[in-house]
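What follows is a single structure, written as structure tokens, with notes after it.
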Amino acid sequence: MSLLHVIFAPGLFSSPSVQAAMTVGGVVALVCAPVGVFTVMRGQSFAGHAFSDISATGGSAAFLLGISPLLGFALMGLAGAGAMEALGAGRHRGRDLVTGIVLGAGLGISALLLYLSTTVHTTTGAAVTVLFGSIFAVSSASWPTVIAFGAAALSLVAVVYRPLLLSSISPDLAAAQGTRASLVGAAYMGALALSVALSALTIGAILSTALLIGPAAAALRLAKTPGRATAWAGAIALGSVWAGIVLAYDSYGWPPVHQGWPVSFFVVTLVLICYLLAQLPAWRGR
Amino acid sequence: MAGLFSGFMVDTWFEASVVAVVAGTVGFFVMLRGATFAAHAIPQGAFTGAAGAALVGANSLVGVGTFSLLGVVAIARWGRRGRHDVVIALCLVTLLGVGSLFLSMSSQYAEQTFSLLFGEPLAVSSGDLVPTVLLGAVCIAVVVVLYRRLVLSSLAPELAAVQGIRPERVELWFLLSVGAATTLALPIVGALLVFSLMIGPPAAARFLTNRPAGAIAASGALALATVWASIVASFFSNWPIGFFVGSFAVVWYVFGRELVTWRQRRLRNGQRGMARRSGPSAVGLAR
């Protein structure tokens, strides 16, 4: 019993902010799994990461205007997706460069917005909150939006599932079958932007890549089919987020500041540990 | 106007110019090798070093240098096996995760965090000048010594292998020079925008000329222009310098693209004009 109390600190499950965090984190983890698997298969981790940084721009704008951060993350992510498509990030050649240029613009604007918000609001911690996030600050009023965005991302992936899978594995074959790569790619980018926005809400804008890429990369080591990989990724993401929340709650009395360690730190660390464990069989086999 | 070149600003101008030339030069190879993600991840991860240095009260140059070295070694070591972009992403988020921990331990430095992320040209102290110049010189020297190997292994990997060039060693040295350029540029331009300085000017330079040496020169010149204009703009508007650096990168890129499109259109129109005048044979010549 005492061991259980050490792991699950008293009052953990009755705290409303923990309940909210668990629910939101769970939804986010499950949405990130399929999108993340496709991101890793398509080799678009950079685009995924770029979205997370660009969504920070949206977060800053939301902070400045005083609207819901999730709305800011998602709208700016979709705008970034549009900009990348317009500049030709869909083509393989020069894709990273275009992504980088758009990303730089987004980060620059984010710098400006955060600076302006320090002149409007008196608080100076906006940059840290937007970039590194705090899931305990998610209000229960944002649940409907979280669930709506999650459902939208999942249904986008579901609608284009087969052509997306084909174009991820073999672009030539997909083209030969008459798949419209640009349309499928655009739908995928939309789903990516939405799930990054959700993930940014959970562990902060610039860390949301961890939840997107880490579980999926580990899962693709463990499973051979996309379906199973998605299931593994979902399980790893869910486990990492929930365990991260529990640990962050436990860490409240930890040194050196006794204010609790950030959830994001625990989630990222757990995701990394899962990835390294998934590598083990391959390393032993060599 | 007077304050722009006053005593302490001289150090800023000098150091920023060194940073620009180094970033423009290294940036050319970043673009050539398609290493945008690595060039973005190394500075962003190195931010953790600055946060850690602030926490323990060490010199931020040392913190940034240490963590960019960590990032470089991790990416070079594990990037060969498995998927390159996944490894970079995971290295980056691991470093940033630790960074978030450091930040939570020293939350009183919100303003300092902001300038580390988005740049603070006035943060230059004259004590940093010597290490900056030394590090910049090492960076340029590495690129000059490896020039042929870098170009060859980027453009024609098979040919490079035939010549006995070891790609992993070239990659490591290349990433090390990116790490060194990061260490220089991070305090001035900010962790999030260093890579913009590394890819914006070279991306435009590529559109201007096809020769590597010419493109490096053009890239360095554009980077200088970016940094100088950004310092002036930031000085007068008081807005963060990162905003201007990021915006100029876009401007250069779009300008270069439009220039190429315009040139091609003119060439095509010219050919059509010649064809109209003297029949099909002139088209053959023109091509």
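Letters A, B, ... mark the chains of the structure tokens in the order given; residue numbers begin at 1 per chain; ligand numbers begin at 1, in order shown.
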Item to check | Selection near B:Val245, 9 Å with only C-alpha atoms, sequence-local residues under 3 positions removed, as number ranges by chain | outcome: A: 104-105, 108; B: 189, 193-194, 196-197, 200, 226-227, 229-230, 241-242, 248-250
Next on the checklist: Which residues are close to A:Ala152, i.e. within 12 Å by only C-alpha atoms, leaving aside same-chain residues fewer than 5 positions away? Reply as a VMD selection string.
Outcome noted: chain A and resid 31 35 74 145 to 147 157 to 159 187 to 188 190 to 195 198
File dump, residues just selected, N, CA and C atoms, as a PDB file, in the first residue's frame:
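Generated file (again.pdb):
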```pdb
ATOM      1  N   VAL A  31      -4.495  10.195 -31.166  1.00  0.00           N
ATOM      2  CA  VAL A  31      -4.548  10.855 -32.472  1.00  0.00           C
ATOM      3  C   VAL A  31      -3.155  10.892 -33.103  1.00  0.00           C
ATOM      4  N   VAL A  35      -1.009   9.293 -37.273  1.00  0.00           N
ATOM      5  CA  VAL A  35      -0.370  10.370 -38.037  1.00  0.00           C
ATOM      6  C   VAL A  35       1.154  10.252 -37.935  1.00  0.00           C
ATOM      7  N   ALA A  74      -3.785  25.364 -34.065  1.00  0.00           N
ATOM      8  CA  ALA A  74      -4.333  24.666 -35.225  1.00  0.00           C
ATOM      9  C   ALA A  74      -4.400  25.583 -36.441  1.00  0.00           C
ATOM     10  N   THR A 145     -13.245  21.136 -28.154  1.00  0.00           N
ATOM     11  CA  THR A 145     -12.349  21.488 -29.261  1.00  0.00           C
ATOM     12  C   THR A 145     -11.306  20.398 -29.466  1.00  0.00           C
ATOM     13  N   VAL A 146     -10.749  19.904 -28.357  1.00  0.00           N
ATOM     14  CA  VAL A 146      -9.728  18.851 -28.449  1.00  0.00           C
ATOM     15  C   VAL A 146     -10.298  17.643 -29.181  1.00  0.00           C
ATOM     16  N   ILE A 147     -11.496  17.242 -28.760  1.00  0.00           N
ATOM     17  CA  ILE A 147     -12.098  16.041 -29.346  1.00  0.00           C
ATOM     18  C   ILE A 147     -12.462  16.289 -30.807  1.00  0.00           C
ATOM     19  N   VAL A 157      -7.156  11.086 -41.989  1.00  0.00           N
ATOM     20  CA  VAL A 157      -6.264   9.949 -42.246  1.00  0.00           C
ATOM     21  C   VAL A 157      -7.070   8.749 -42.730  1.00  0.00           C
ATOM     22  N   ALA A 158      -8.242   8.527 -42.098  1.00  0.00           N
ATOM     23  CA  ALA A 158      -9.053   7.371 -42.474  1.00  0.00           C
ATOM     24  C   ALA A 158      -9.522   7.465 -43.924  1.00  0.00           C
ATOM     25  N   VAL A 159      -9.901   8.682 -44.352  1.00  0.00           N
ATOM     26  CA  VAL A 159     -10.432   8.852 -45.708  1.00  0.00           C
ATOM     27  C   VAL A 159      -9.360   8.552 -46.750  1.00  0.00           C
ATOM     28  N   ALA A 187      -4.022  16.366 -47.777  1.00  0.00           N
ATOM     29  CA  ALA A 187      -4.865  15.842 -46.694  1.00  0.00           C
ATOM     30  C   ALA A 187      -4.001  15.399 -45.524  1.00  0.00           C
ATOM     31  N   TYR A 188      -2.895  14.738 -45.846  1.00  0.00           N
ATOM     32  CA  TYR A 188      -1.988  14.275 -44.796  1.00  0.00           C
ATOM     33  C   TYR A 188      -1.397  15.460 -44.033  1.00  0.00           C
ATOM     34  N   GLY A 190      -2.704  18.346 -43.600  1.00  0.00           N
ATOM     35  CA  GLY A 190      -3.761  18.888 -42.751  1.00  0.00           C
ATOM     36  C   GLY A 190      -3.889  18.099 -41.447  1.00  0.00           C
ATOM     37  N   ALA A 191      -3.889  16.752 -41.592  1.00  0.00           N
ATOM     38  CA  ALA A 191      -3.982  15.901 -40.406  1.00  0.00           C
ATOM     39  C   ALA A 191      -2.773  16.113 -39.505  1.00  0.00           C
ATOM     40  N   LEU A 192      -1.607  16.266 -40.136  1.00  0.00           N
ATOM     41  CA  LEU A 192      -0.377  16.478 -39.369  1.00  0.00           C
ATOM     42  C   LEU A 192      -0.462  17.782 -38.570  1.00  0.00           C
ATOM     43  N   ALA A 193      -0.919  18.852 -39.251  1.00  0.00           N
ATOM     44  CA  ALA A 193      -1.015  20.145 -38.575  1.00  0.00           C
ATOM     45  C   ALA A 193      -1.955  20.058 -37.371  1.00  0.00           C
ATOM     46  N   LEU A 194      -3.094  19.361 -37.548  1.00  0.00           N
ATOM     47  CA  LEU A 194      -4.057  19.255 -36.458  1.00  0.00           C
ATOM     48  C   LEU A 194      -3.505  18.452 -35.293  1.00  0.00           C
ATOM     49  N   SER A 195      -2.839  17.319 -35.609  1.00  0.00           N
ATOM     50  CA  SER A 195      -2.378  16.500 -34.482  1.00  0.00           C
ATOM     51  C   SER A 195      -1.197  17.157 -33.777  1.00  0.00           C
ATOM     52  N   LEU A 198      -2.666  19.528 -31.318  1.00  0.00           N
ATOM     53  CA  LEU A 198      -3.121  18.841 -30.108  1.00  0.00           C
ATOM     54  C   LEU A 198      -1.935  18.485 -29.216  1.00  0.00           C
TER      55      LEU A 198
END
```
Next on the checklist: Taking only C-alpha atoms into account, find every residue of chain B that has an atom no more than 7 Å from chain A, and write it out as a ChimeraX atom specification.
Outcome noted: /B:34,36-37,85-86,89-90,93-94,96-98,100-101,104-105,110-111,114,118,192-193,196,200,239-240,242-244,246-247,249-250
What's around B:Gly256 at 12 Å? Count only C-alpha atoms, leave out sequence neighbours fewer than 6 positions away in its own chain, and write the answer as a PDB file with C-alpha atoms, in the first residue's frame.
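Output file part.pdb is given in full below:
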```pdb
ATOM      1  CA  GLY B 200      18.102  31.855 -46.341  1.00  0.00           C
ATOM      2  CA  PRO B 201      21.180  33.491 -47.897  1.00  0.00           C
ATOM      3  CA  PRO B 202      22.582  30.286 -49.493  1.00  0.00           C
ATOM      4  CA  ALA B 203      19.165  29.371 -50.872  1.00  0.00           C
ATOM      5  CA  ALA B 204      19.082  32.706 -52.678  1.00  0.00           C
ATOM      6  CA  ALA B 205      22.762  32.448 -53.680  1.00  0.00           C
ATOM      7  CA  ARG B 206      22.063  29.141 -55.399  1.00  0.00           C
ATOM      8  CA  PHE B 207      19.648  30.937 -57.680  1.00  0.00           C
ATOM      9  CA  LEU B 208      22.213  33.604 -58.531  1.00  0.00           C
ATOM     10  CA  THR B 209      25.110  31.436 -59.687  1.00  0.00           C
ATOM     11  CA  ALA B 218      27.180  35.534 -52.627  1.00  0.00           C
ATOM     12  CA  SER B 219      25.817  33.647 -49.638  1.00  0.00           C
ATOM     13  CA  LEU B 222      23.713  38.162 -48.350  1.00  0.00           C
ATOM     14  CA  ALA B 249      15.484  34.673 -45.246  1.00  0.00           C
ATOM     15  CA  VAL B 250      12.052  34.481 -46.857  1.00  0.00           C
ATOM     16  CA  TRP B 262      12.060  35.699 -64.863  1.00  0.00           C
ATOM     17  CA  ARG B 263      15.380  34.718 -66.452  1.00  0.00           C
TER      18      ARG B 263
END
```
Checklist entry - Counting only C-alpha atoms, which of B:Leu150, B:Ala225, B:Ile216, B:Ile231 gets nearest to B:Glu120? => result B:Ile231
Checklist entry - Closest to B:Ser234 among B:Gly63, B:Ser17, B:Ala181, B:Leu122, using only C-alpha atoms? => result B:Leu122
Checklist entry - Distance atom CA of A:Gly185-atom CA of B:Tyr253, one decimal place? => result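 One can read the atom CA of A:Gly185 to atom CA of B:Tyr253 distance as 23.4 Å.
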Checklist entry - Which neighbours of A:Ala218 fall inside 12 Å, counting only C-alpha atoms, when residues of the same chain fewer than 6 positions from it are skipped, and could you give them as number ranges by chain? => result A: 33, 36-37, 40-41, 210-212, 224, 228-237, 270-282; B: 82-83, 86-87, 90
Residues within 10 Å of A:Val18, please, as a PDB file with N, CA and C atoms, in the first residue's frame. Count only C-alpha atoms; anything in the same chain fewer than 6 positions from it doesn't count.
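And here's out27.pdb as it stands now:
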```
ATOM      1  N   GLY A  11      -4.398  11.809  -3.561  1.00  0.00           N
ATOM      2  CA  GLY A  11      -5.118  12.909  -4.176  1.00  0.00           C
ATOM      3  C   GLY A  11      -4.914  13.010  -5.666  1.00  0.00           C
ATOM      4  N   LEU A  12      -4.113  12.083  -6.236  1.00  0.00           N
ATOM      5  CA  LEU A  12      -3.792  12.159  -7.667  1.00  0.00           C
ATOM      6  C   LEU A  12      -5.059  12.076  -8.511  1.00  0.00           C
ATOM      7  N   VAL A  24      -7.262  14.706 -21.812  1.00  0.00           N
ATOM      8  CA  VAL A  24      -6.732  15.389 -22.991  1.00  0.00           C
ATOM      9  C   VAL A  24      -5.496  14.649 -23.510  1.00  0.00           C
ATOM     10  N   ILE A 135       0.404  20.984 -19.364  1.00  0.00           N
ATOM     11  CA  ILE A 135      -0.880  20.316 -19.576  1.00  0.00           C
ATOM     12  C   ILE A 135      -1.820  20.551 -18.403  1.00  0.00           C
ATOM     13  N   PHE A 136      -1.255  20.866 -17.224  1.00  0.00           N
ATOM     14  CA  PHE A 136      -2.123  21.086 -16.076  1.00  0.00           C
ATOM     15  C   PHE A 136      -2.924  22.379 -16.219  1.00  0.00           C
ATOM     16  N   ALA A 137      -2.516  23.220 -17.175  1.00  0.00           N
ATOM     17  CA  ALA A 137      -3.228  24.479 -17.366  1.00  0.00           C
ATOM     18  C   ALA A 137      -4.394  24.339 -18.348  1.00  0.00           C
ATOM     19  N   VAL A 138      -4.555  23.126 -18.938  1.00  0.00           N
ATOM     20  CA  VAL A 138      -5.632  22.941 -19.914  1.00  0.00           C
ATOM     21  C   VAL A 138      -6.975  22.993 -19.183  1.00  0.00           C
ATOM     22  N   TRP A 242       0.506   9.304 -19.811  1.00  0.00           N
ATOM     23  CA  TRP A 242      -0.095   9.081 -18.488  1.00  0.00           C
ATOM     24  C   TRP A 242       0.972   8.937 -17.415  1.00  0.00           C
ATOM     25  N   ILE A 245       2.385  12.284 -16.582  1.00  0.00           N
ATOM     26  CA  ILE A 245       1.525  13.102 -15.721  1.00  0.00           C
ATOM     27  C   ILE A 245       1.649  12.656 -14.267  1.00  0.00           C
ATOM     28  N   VAL A 246       1.641  11.321 -14.054  1.00  0.00           N
ATOM     29  CA  VAL A 246       1.764  10.786 -12.685  1.00  0.00           C
ATOM     30  C   VAL A 246       3.092  11.220 -12.066  1.00  0.00           C
ATOM     31  N   TYR A 249       3.187  14.836 -11.190  1.00  0.00           N
ATOM     32  CA  TYR A 249       2.422  15.090  -9.963  1.00  0.00           C
ATOM     33  C   TYR A 249       3.236  14.686  -8.741  1.00  0.00           C
TER      34      TYR A 249
END
```
Next on the checklist: Write out as a ChimeraX atom specification the set of residues from stretch 73-162 of chain B that DSSP, computed on the backbone, places in alpha helix (DSSP H).
Outcome noted: /B:73-78,84-105,110-118,129-145,147-155,157-162
Next on the checklist: Need the shell around B:Gly24: protein/DNA/RNA residues with any atom at most 6 Å away, counting only C-alpha atoms. Skip same-chain ones fewer than 4 positions apart. Format as a PyMOL selection string?
Outcome noted: chain B and resi 20+198+219-220+223
